[in-house]
>>> print(open('final10.cif').read())   # mmCIF, C-alpha atoms
data_structure
#
loop_
_atom_site.group_PDB
_atom_site.id
_atom_site.type_symbol
_atom_site.label_atom_id
_atom_site.label_comp_id
_atom_site.auth_asym_id
_atom_site.auth_seq_id
_atom_site.Cartn_x
_atom_site.Cartn_y
_atom_site.Cartn_z
ATOM 1 C CA MET C 1 -19.970 -2.557 10.956
ATOM 2 C CA THR C 2 -22.106 0.078 12.593
ATOM 3 C CA GLY C 3 -23.402 3.205 10.908
ATOM 4 C CA PRO C 4 -23.281 6.863 11.881
ATOM 5 C CA GLY C 5 -26.725 6.608 13.444
ATOM 6 C CA ASP C 6 -25.677 3.950 15.938
ATOM 7 C CA ARG C 7 -25.761 5.851 19.223
ATOM 8 C CA SER C 8 -24.223 3.025 21.243
ATOM 9 C CA GLY C 9 -21.253 2.932 18.883
ATOM 10 C CA ALA C 10 -20.856 6.692 19.107
ATOM 11 C CA ASP C 11 -21.059 6.622 22.897
ATOM 12 C CA ALA C 12 -18.490 3.858 23.066
ATOM 13 C CA SER C 13 -16.075 5.855 20.938
ATOM 14 C CA ARG C 14 -16.208 8.992 23.114
ATOM 15 C CA GLY C 15 -13.168 9.329 25.279
ATOM 16 C CA ALA C 16 -11.830 5.994 24.048
ATOM 17 C CA SER C 17 -8.713 5.289 22.129
ATOM 18 C CA ALA C 18 -9.072 5.707 18.380
ATOM 19 C CA GLY C 19 -7.797 2.189 17.783
ATOM 20 C CA GLY C 20 -7.639 -0.981 19.775
ATOM 21 C CA GLY C 21 -8.468 -4.643 19.612
ATOM 22 C CA GLY C 22 -8.047 -4.577 15.833
ATOM 23 C CA PHE C 23 -10.837 -2.031 15.340
ATOM 24 C CA ARG C 24 -10.925 1.656 14.484
ATOM 25 C CA LYS C 25 -13.713 3.978 15.581
ATOM 26 C CA GLY C 26 -14.891 7.037 13.673
ATOM 27 C CA ALA C 27 -13.890 8.299 10.242
ATOM 28 C CA PHE C 28 -10.426 9.611 11.099
ATOM 29 C CA GLY C 29 -9.378 7.763 14.244
ATOM 30 C CA VAL C 30 -9.673 10.971 16.244
ATOM 31 C CA SER C 31 -9.229 10.860 19.997
ATOM 32 C CA GLY C 32 -9.736 13.546 22.628
ATOM 33 C CA SER C 33 -11.673 16.133 20.612
ATOM 34 C CA GLY C 34 -14.736 14.442 19.162
ATOM 35 C CA ASP C 35 -15.344 13.432 15.582
ATOM 36 C CA THR C 36 -17.206 16.154 13.676
ATOM 37 C CA SER C 37 -17.435 14.073 10.489
ATOM 38 C CA GLY C 38 -20.816 12.607 11.434
ATOM 39 C CA PHE C 39 -19.311 9.128 11.397
ATOM 40 C CA GLY C 40 -18.335 8.925 15.059
ATOM 41 C CA GLY C 41 -20.232 5.654 15.432
ATOM 42 C CA LEU C 42 -18.453 3.944 12.544
ATOM 43 C CA VAL C 43 -16.490 0.872 13.596
ATOM 44 C CA ARG C 44 -14.071 -0.666 11.090
ATOM 45 C CA VAL C 45 -11.497 -3.413 11.143
ATOM 46 C CA GLU C 46 -8.036 -1.910 11.315
ATOM 47 C CA PRO C 47 -6.300 -2.021 7.900
ATOM 48 C CA GLY C 48 -3.253 -3.550 9.545
ATOM 49 C CA GLY C 49 -5.326 -6.533 10.597
ATOM 50 C CA ALA C 50 -5.214 -7.641 6.975
ATOM 51 C CA VAL C 51 -1.539 -6.748 6.716
ATOM 52 C CA ALA C 52 -0.306 -8.726 9.695
ATOM 53 C CA LEU C 53 -0.328 -12.476 9.181
ATOM 54 C CA HIS C 54 -3.492 -13.775 7.529
ATOM 55 C CA SER C 55 -3.072 -15.857 4.378
ATOM 56 C CA THR C 56 -5.822 -17.410 2.264
ATOM 57 C CA ASP C 57 -5.783 -21.197 2.007
ATOM 58 C CA ARG C 58 -6.001 -22.962 -1.318
ATOM 59 C CA PRO C 59 -8.012 -23.503 -3.403
ATOM 60 C CA TYR C 60 -8.352 -19.776 -4.079
ATOM 61 C CA GLY C 61 -11.182 -20.245 -6.568
ATOM 62 C CA GLY C 62 -11.700 -19.436 -10.239
ATOM 63 C CA TRP C 63 -8.684 -18.532 -12.335
ATOM 64 C CA PHE C 64 -6.633 -17.580 -9.255
ATOM 65 C CA ASP C 65 -5.489 -21.205 -8.944
ATOM 66 C CA GLU C 66 -4.640 -21.377 -12.645
ATOM 67 C CA VAL C 67 -2.384 -18.325 -12.345
ATOM 68 C CA THR C 68 -0.770 -19.601 -9.155
ATOM 69 C CA ASP C 69 -0.058 -23.030 -10.646
ATOM 70 C CA ALA C 70 1.347 -21.450 -13.811
ATOM 71 C CA LEU C 71 3.593 -19.183 -11.745
ATOM 72 C CA ILE C 72 4.870 -22.147 -9.716
ATOM 73 C CA ASP C 73 5.608 -24.026 -12.944
ATOM 74 C CA ALA C 74 7.402 -20.987 -14.397
ATOM 75 C CA VAL C 75 9.760 -20.255 -11.482
ATOM 76 C CA GLY C 76 9.884 -23.614 -9.716
ATOM 77 C CA ALA C 77 8.230 -24.745 -6.506
ATOM 78 C CA ALA C 78 11.240 -23.941 -4.297
ATOM 79 C CA THR C 79 11.608 -20.414 -5.674
ATOM 80 C CA TYR C 80 7.878 -19.759 -5.375
ATOM 81 C CA ALA C 81 7.827 -20.948 -1.757
ATOM 82 C CA ALA C 82 10.708 -18.605 -0.899
ATOM 83 C CA ALA C 83 9.365 -15.708 -2.952
ATOM 84 C CA VAL C 84 5.689 -15.718 -1.919
ATOM 85 C CA PRO C 85 5.237 -16.178 1.837
ATOM 86 C CA ARG C 86 1.617 -15.118 1.754
ATOM 87 C CA VAL C 87 -1.366 -14.866 -0.613
ATOM 88 C CA LEU C 88 -4.555 -12.979 0.165
ATOM 89 C CA VAL C 89 -7.849 -13.346 -1.697
ATOM 90 C CA ASP C 90 -10.366 -10.694 -0.731
ATOM 91 C CA ARG C 91 -13.326 -9.065 -2.499
ATOM 92 C CA GLY C 92 -12.695 -10.952 -5.710
ATOM 93 C CA GLU C 93 -9.031 -9.885 -5.942
ATOM 94 C CA ILE C 94 -5.789 -11.757 -5.326
ATOM 95 C CA THR C 95 -2.617 -10.314 -3.807
ATOM 96 C CA TYR C 96 0.759 -12.047 -3.755
ATOM 97 C CA PHE C 97 3.078 -10.801 -1.006
ATOM 98 C CA VAL C 98 6.562 -11.058 -2.470
ATOM 99 C CA ALA C 99 10.024 -11.081 -0.871
ATOM 100 C CA ARG C 100 11.942 -8.257 -2.534
ATOM 101 C CA GLU C 101 14.962 -10.393 -3.459
ATOM 102 C CA HIS C 102 12.697 -12.508 -5.698
ATOM 103 C CA LEU C 103 10.631 -9.687 -7.188
ATOM 104 C CA LEU C 104 12.402 -9.471 -10.555
ATOM 105 C CA THR C 105 12.290 -13.244 -11.042
ATOM 106 C CA LEU C 106 8.538 -13.237 -10.504
ATOM 107 C CA VAL C 107 7.661 -10.248 -12.683
ATOM 108 C CA GLN C 108 9.800 -11.589 -15.520
ATOM 109 C CA ALA C 109 7.891 -14.876 -15.404
ATOM 110 C CA LEU C 110 4.534 -13.129 -15.044
ATOM 111 C CA ARG C 111 5.220 -11.086 -18.168
ATOM 112 C CA ASP C 112 6.862 -13.680 -20.402
ATOM 113 C CA ASP C 113 5.330 -17.059 -19.582
ATOM 114 C CA ASP C 114 2.724 -18.077 -22.168
ATOM 115 C CA ALA C 115 0.317 -19.268 -19.473
ATOM 116 C CA LEU C 116 0.534 -15.963 -17.589
ATOM 117 C CA ARG C 117 1.135 -13.072 -20.023
ATOM 118 C CA PHE C 118 0.772 -10.151 -17.596
ATOM 119 C CA GLU C 119 2.018 -7.698 -20.191
ATOM 120 C CA LEU C 120 1.124 -4.447 -18.424
ATOM 121 C CA CYS C 121 2.117 -2.968 -15.093
ATOM 122 C CA SER C 122 -0.647 -0.411 -14.751
ATOM 123 C CA SER C 123 0.327 0.998 -11.359
ATOM 124 C CA VAL C 124 3.087 1.158 -8.789
ATOM 125 C CA SER C 125 2.164 2.860 -5.527
ATOM 126 C CA GLY C 126 3.160 3.027 -1.880
ATOM 127 C CA VAL C 127 1.418 2.477 1.449
ATOM 128 C CA ASP C 128 2.586 3.365 4.956
ATOM 129 C CA TYR C 129 1.042 1.117 7.616
ATOM 130 C CA LEU C 130 2.338 3.075 10.591
ATOM 131 C CA ASP C 131 -0.043 2.637 13.571
ATOM 132 C CA SER C 132 -2.756 0.997 11.485
ATOM 133 C CA GLY C 133 -3.105 -2.269 13.304
ATOM 134 C CA GLY C 134 -1.113 -5.450 13.060
ATOM 135 C CA PRO C 135 2.303 -5.635 14.754
ATOM 136 C CA ALA C 136 3.145 -2.650 16.962
ATOM 137 C CA ALA C 137 5.179 0.085 15.298
ATOM 138 C CA SER C 138 8.858 -0.436 16.091
ATOM 139 C CA ASP C 139 12.263 -0.319 14.466
ATOM 140 C CA GLY C 140 12.615 -3.094 11.935
ATOM 141 C CA ARG C 141 8.899 -3.524 11.200
ATOM 142 C CA PRO C 142 8.201 -3.503 7.436
ATOM 143 C CA ARG C 143 5.598 -0.733 7.522
ATOM 144 C CA LEU C 144 6.303 0.566 3.986
ATOM 145 C CA HIS C 145 4.639 -1.433 1.202
ATOM 146 C CA VAL C 146 5.060 -1.176 -2.561
ATOM 147 C CA VAL C 147 1.976 -2.294 -4.501
ATOM 148 C CA TYR C 148 2.062 -3.410 -8.144
ATOM 149 C CA HIS C 149 -1.056 -3.897 -10.275
ATOM 150 C CA LEU C 150 -0.436 -6.212 -13.216
ATOM 151 C CA THR C 151 -2.827 -6.761 -16.112
ATOM 152 C CA SER C 152 -2.971 -9.616 -18.609
ATOM 153 C CA MET C 153 -4.535 -8.220 -21.755
ATOM 154 C CA THR C 154 -4.290 -11.682 -23.316
ATOM 155 C CA TYR C 155 -6.386 -13.396 -20.644
ATOM 156 C CA ARG C 156 -8.247 -10.332 -19.265
ATOM 157 C CA ARG C 157 -6.969 -10.836 -15.728
ATOM 158 C CA ARG C 158 -5.571 -8.588 -13.010
ATOM 159 C CA ILE C 159 -3.415 -9.430 -10.009
ATOM 160 C CA ARG C 160 -1.625 -7.469 -7.316
ATOM 161 C CA LEU C 161 1.908 -7.890 -5.967
ATOM 162 C CA GLU C 162 2.959 -6.349 -2.675
ATOM 163 C CA VAL C 163 6.477 -5.941 -1.273
ATOM 164 C CA ALA C 164 7.099 -4.798 2.311
ATOM 165 C CA VAL C 165 10.257 -3.045 3.538
ATOM 166 C CA THR C 166 11.376 -1.213 6.642
ATOM 167 C CA VAL C 167 11.984 2.513 7.021
ATOM 168 C CA GLU C 168 15.566 1.690 7.967
ATOM 169 C CA ASP C 169 16.161 -0.297 4.756
ATOM 170 C CA PRO C 170 13.612 0.929 2.191
ATOM 171 C CA HIS C 171 15.216 -0.709 -0.862
ATOM 172 C CA VAL C 172 13.263 -2.570 -3.568
ATOM 173 C CA PRO C 173 14.531 -3.637 -7.016
ATOM 174 C CA SER C 174 13.201 -1.482 -9.827
ATOM 175 C CA VAL C 175 10.914 -3.322 -12.248
ATOM 176 C CA SER C 176 11.344 -0.660 -14.947
ATOM 177 C CA SER C 177 13.601 -2.987 -16.959
ATOM 178 C CA VAL C 178 10.700 -5.454 -17.218
ATOM 179 C CA TYR C 179 7.835 -2.944 -17.240
ATOM 180 C CA PRO C 180 8.901 0.442 -18.683
ATOM 181 C CA THR C 181 5.590 1.951 -17.547
ATOM 182 C CA ALA C 182 6.855 1.630 -13.952
ATOM 183 C CA ASP C 183 9.509 4.318 -14.501
ATOM 184 C CA TRP C 184 7.596 7.429 -13.386
ATOM 185 C CA HIS C 185 5.392 5.438 -11.004
ATOM 186 C CA GLU C 186 8.491 4.378 -9.078
ATOM 187 C CA ARG C 187 9.765 7.953 -9.075
ATOM 188 C CA GLU C 188 6.508 9.186 -7.553
ATOM 189 C CA THR C 189 6.506 6.398 -4.936
ATOM 190 C CA HIS C 190 10.104 7.282 -4.092
ATOM 191 C CA ASP C 191 9.208 10.969 -3.849
ATOM 192 C CA MET C 192 6.183 10.473 -1.589
ATOM 193 C CA PHE C 193 7.327 7.512 0.569
ATOM 194 C CA GLY C 194 11.126 7.484 0.414
ATOM 195 C CA ILE C 195 11.311 3.977 -1.033
ATOM 196 C CA VAL C 196 14.522 3.450 -3.020
ATOM 197 C CA PHE C 197 14.129 1.511 -6.266
ATOM 198 C CA ASP C 198 17.536 -0.016 -6.932
ATOM 199 C CA GLY C 199 18.470 -0.130 -10.608
ATOM 200 C CA HIS C 200 16.067 2.627 -11.668
ATOM 201 C CA PRO C 201 17.577 4.601 -14.567
ATOM 202 C CA ALA C 202 16.889 8.059 -13.053
ATOM 203 C CA LEU C 203 15.460 7.901 -9.547
ATOM 204 C CA THR C 204 14.792 11.578 -8.789
ATOM 205 C CA ARG C 205 11.883 13.427 -7.239
ATOM 206 C CA ILE C 206 8.976 14.010 -9.583
ATOM 207 C CA LEU C 207 6.549 16.132 -7.524
ATOM 208 C CA MET C 208 8.586 17.816 -4.802
ATOM 209 C CA PRO C 209 11.720 19.979 -5.217
ATOM 210 C CA ASP C 210 14.989 18.054 -5.227
ATOM 211 C CA ASP C 211 16.043 19.522 -1.876
ATOM 212 C CA TRP C 212 12.718 18.831 -0.117
ATOM 213 C CA ASP C 213 13.110 17.383 3.370
ATOM 214 C CA GLY C 214 10.958 14.338 4.117
ATOM 215 C CA PHE C 215 8.371 12.223 2.326
ATOM 216 C CA PRO C 216 4.856 13.748 2.364
ATOM 217 C CA GLN C 217 2.750 10.563 2.260
ATOM 218 C CA ARG C 218 4.415 8.837 5.170
ATOM 219 C CA LYS C 219 2.045 8.724 8.127
ATOM 220 C CA ASP C 220 4.520 10.474 10.439
ATOM 221 C CA TYR C 221 5.008 13.418 8.067
ATOM 222 C CA PRO C 222 3.677 16.611 9.728
ATOM 223 C CA LEU C 223 0.440 18.046 8.329
ATOM 224 C CA GLY C 224 1.834 21.557 8.573
ATOM 225 C CA GLY C 225 -0.213 24.537 7.446
ATOM 226 C CA VAL C 226 -0.513 28.156 8.514
ATOM 227 C CA PRO C 227 -3.123 29.905 10.686
ATOM 228 C CA VAL C 228 -5.915 31.556 8.689
ATOM 229 C CA GLU C 229 -7.805 34.668 9.788
ATOM 230 C CA TYR C 230 -11.504 34.667 8.869
ATOM 231 C CA HIS C 231 -14.202 37.038 10.109
ATOM 232 C CA ASP C 232 -12.155 38.167 13.120
ATOM 233 C CA ALA C 233 -11.416 34.549 14.058
ATOM 234 C CA THR C 234 -8.154 32.664 13.690
ATOM 235 C CA ILE C 235 -8.281 29.068 12.450
ATOM 236 C CA PRO C 236 -5.173 27.173 13.574
ATOM 237 C CA PRO C 237 -3.131 24.936 11.247
ATOM 238 C CA PRO C 238 -4.448 21.360 10.785
ATOM 239 C CA ASP C 239 -1.685 19.709 12.788
ATOM 240 C CA THR C 240 -2.596 21.705 15.897
ATOM 241 C CA ARG C 241 -6.389 21.176 15.792
ATOM 242 C CA ARG C 242 -6.797 17.537 16.740
ATOM 243 C CA SER C 243 -5.151 14.153 16.634
ATOM 244 C CA TYR C 244 -5.530 12.534 13.194
ATOM 245 C CA ARG C 245 -4.489 8.940 12.595
#
>>> encode(input="final10.cif", output="structure tokens")
Amino acid sequence: MTGPGDRSGADASRGASAGGGGFRKGAFGVSGSGDTSGFGGLVRVEPGGAVALHSTDRPYGGWFDEVTDALIDAVGAATYAAAVPRVLVDRGEITYFVAREHLLTLVQALRDDDALRFELCSSVSGVDYLDSGGPAASDGRPRLHVVYHLTSMTYRRRIRLEVAVTVEDPHVPSVSSVYPTADWHERETHDMFGIVFDGHPALTRILMPDDWDGFPQRKDYPLGGVPVEYHDATIPPPDTRRSYR
């Protein structure tokens, strides 16, 4: 990674594409108008590079292997192999990428099995990986991800589950029957990303009006805004100033 003071990095980013080769340049991925953030020389790995295909090989280390073995014992090796196509260990955290049709089976085992005891779902949130590296954006690509943070208060452990769906078929089973705390979290994720949580007791918008058009935290949602007059100058709306990615 290069810092904001790296002139060669800044020069390389001028006039170049904001992304490419698995790397992103600058703070906002701006192209064509310069990056006024002061971080024009910043070079980062594209987030989608971690989303695409990489999976961590076992052993994972520490208690990660204990949890994985206990989960395999709880649901069966065949079910685990079908349910968890990928596991990522990064920065001292473990993420299980879960096929949506097996999500409820896994969370039930994670909560109830004596060797697991993940009693609390502390967060359900959404991510849109449109144009952020990995496979090119196209119809049928699972760019919408639902992220679950589970906590075992018994064993003082935390894990993450992640389920990916397409924009064309954004359906995921609701986990509110297993984790009641997920109720409003799923409503907010539905409201902001348009993900449909099947089986939710009352899946309605929670932040936006019921008749609102679109999902504000999707990457292709327009920034909008209105022009502002200030000291005899007119500042245009954000979505007309530059290209943000």
>>> resolve_selection(input="final10.cif", expression="the PyMOL selection byres ((chain C and resi 93-104) around 9)", output="PyMOL selection string")
chain C and resi 60+64+79-80+82-92+105-109+158-165+171-175+178
>>> write_last_selection(input="final10.cif", atoms="C-alpha atoms", output="PDB file, keeping the file's coordinate frame")
ATOM      1  CA  TYR C  60      -8.352 -19.776  -4.079  1.00  0.00           C
ATOM      2  CA  PHE C  64      -6.633 -17.580  -9.255  1.00  0.00           C
ATOM      3  CA  THR C  79      11.608 -20.414  -5.674  1.00  0.00           C
ATOM      4  CA  TYR C  80       7.878 -19.759  -5.375  1.00  0.00           C
ATOM      5  CA  ALA C  82      10.708 -18.605  -0.899  1.00  0.00           C
ATOM      6  CA  ALA C  83       9.365 -15.708  -2.952  1.00  0.00           C
ATOM      7  CA  VAL C  84       5.689 -15.718  -1.919  1.00  0.00           C
ATOM      8  CA  PRO C  85       5.237 -16.178   1.837  1.00  0.00           C
ATOM      9  CA  ARG C  86       1.617 -15.118   1.754  1.00  0.00           C
ATOM     10  CA  VAL C  87      -1.366 -14.866  -0.613  1.00  0.00           C
ATOM     11  CA  LEU C  88      -4.555 -12.979   0.165  1.00  0.00           C
ATOM     12  CA  VAL C  89      -7.849 -13.346  -1.697  1.00  0.00           C
ATOM     13  CA  ASP C  90     -10.366 -10.694  -0.731  1.00  0.00           C
ATOM     14  CA  ARG C  91     -13.326  -9.065  -2.499  1.00  0.00           C
ATOM     15  CA  GLY C  92     -12.695 -10.952  -5.710  1.00  0.00           C
ATOM     16  CA  THR C 105      12.290 -13.244 -11.042  1.00  0.00           C
ATOM     17  CA  LEU C 106       8.538 -13.237 -10.504  1.00  0.00           C
ATOM     18  CA  VAL C 107       7.661 -10.248 -12.683  1.00  0.00           C
ATOM     19  CA  GLN C 108       9.800 -11.589 -15.520  1.00  0.00           C
ATOM     20  CA  ALA C 109       7.891 -14.876 -15.404  1.00  0.00           C
ATOM     21  CA  ARG C 158      -5.571  -8.588 -13.010  1.00  0.00           C
ATOM     22  CA  ILE C 159      -3.415  -9.430 -10.009  1.00  0.00           C
ATOM     23  CA  ARG C 160      -1.625  -7.469  -7.316  1.00  0.00           C
ATOM     24  CA  LEU C 161       1.908  -7.890  -5.967  1.00  0.00           C
ATOM     25  CA  GLU C 162       2.959  -6.349  -2.675  1.00  0.00           C
ATOM     26  CA  VAL C 163       6.477  -5.941  -1.273  1.00  0.00           C
ATOM     27  CA  ALA C 164       7.099  -4.798   2.311  1.00  0.00           C
ATOM     28  CA  VAL C 165      10.257  -3.045   3.538  1.00  0.00           C
ATOM     29  CA  HIS C 171      15.216  -0.709  -0.862  1.00  0.00           C
ATOM     30  CA  VAL C 172      13.263  -2.570  -3.568  1.00  0.00           C
ATOM     31  CA  PRO C 173      14.531  -3.637  -7.016  1.00  0.00           C
ATOM     32  CA  SER C 174      13.201  -1.482  -9.827  1.00  0.00           C
ATOM     33  CA  VAL C 175      10.914  -3.322 -12.248  1.00  0.00           C
ATOM     34  CA  VAL C 178      10.700  -5.454 -17.218  1.00  0.00           C
TER      35      VAL C 178
END
>>> resolve_selection(input="final10.cif", expression="the PyMOL selection byres ((chain C and resi 225) around 9)", output="CSV table (one decimal) with C-alpha atoms, keeping the file's coordinate frame")
chain,number,residue,atom,x,y,z
C,223,LEU,CA,0.4,18.0,8.3
C,224,GLY,CA,1.8,21.6,8.6
C,226,VAL,CA,-0.5,28.2,8.5
C,227,PRO,CA,-3.1,29.9,10.7
C,236,PRO,CA,-5.2,27.2,13.6
C,237,PRO,CA,-3.1,24.9,11.2
C,238,PRO,CA,-4.4,21.4,10.8
C,239,ASP,CA,-1.7,19.7,12.8
>>> closest_atom_pairs(input="final10.cif", of="segment 62-144 of chain C", to="segment 183-193 of chain C", cutoff="12 Å", atoms="only C-alpha atoms", output="tab-separated table")
residue	atom	partner	partner_atom	distance
C:Cys121	CA	C:His185	CA	9.9
C:Ser122	CA	C:His185	CA	9.2
C:Ser123	CA	C:His185	CA	6.7
C:Val124	CA	C:His185	CA	5.3
C:Ser125	CA	C:Thr189	CA	5.6
C:Gly126	CA	C:Thr189	CA	5.6
C:Val127	CA	C:Phe193	CA	7.8
C:Asp128	CA	C:Phe193	CA	7.7
C:Tyr129	CA	C:Phe193	CA	11.4
C:Arg143	CA	C:Phe193	CA	10.9
C:Leu144	CA	C:Phe193	CA	7.8
>>> closest_residue(input="final10.cif", among="C:Val196, C:Ala182, C:Ala233, C:Met153", to="Thr166 of chain C", atoms="all atoms listed in the file")
C:Val196
>>> closest_residue(input="final10.cif", among="C:Ile235, C:Val146, C:Val75, C:Leu116", to="Phe197 of chain C", atoms="all atoms listed in the file")
C:Val146
>>> atom_distance(input="final10.cif", atom1="atom CA of Phe118 of chain C", atom2="atom CA of Thr151 of chain C")
5.2 Å
>>> closest_residue(input="final10.cif", among="C:Asp113, C:Asp210, C:Glu168, C:Asp220", to="Ala70 of chain C", atoms="all atoms listed in the file")
C:Asp113
>>> closest_residue(input="final10.cif", among="C:Asp169, C:Glu229, C:Asp112, C:Asp57", to="Asp198 of chain C", atoms="all atoms listed in the file")
C:Asp169
>>> atom_distance(input="final10.cif", atom1="atom CA of Arg157 of chain C", atom2="atom CA of Asp73 of chain C")
18.4 Å
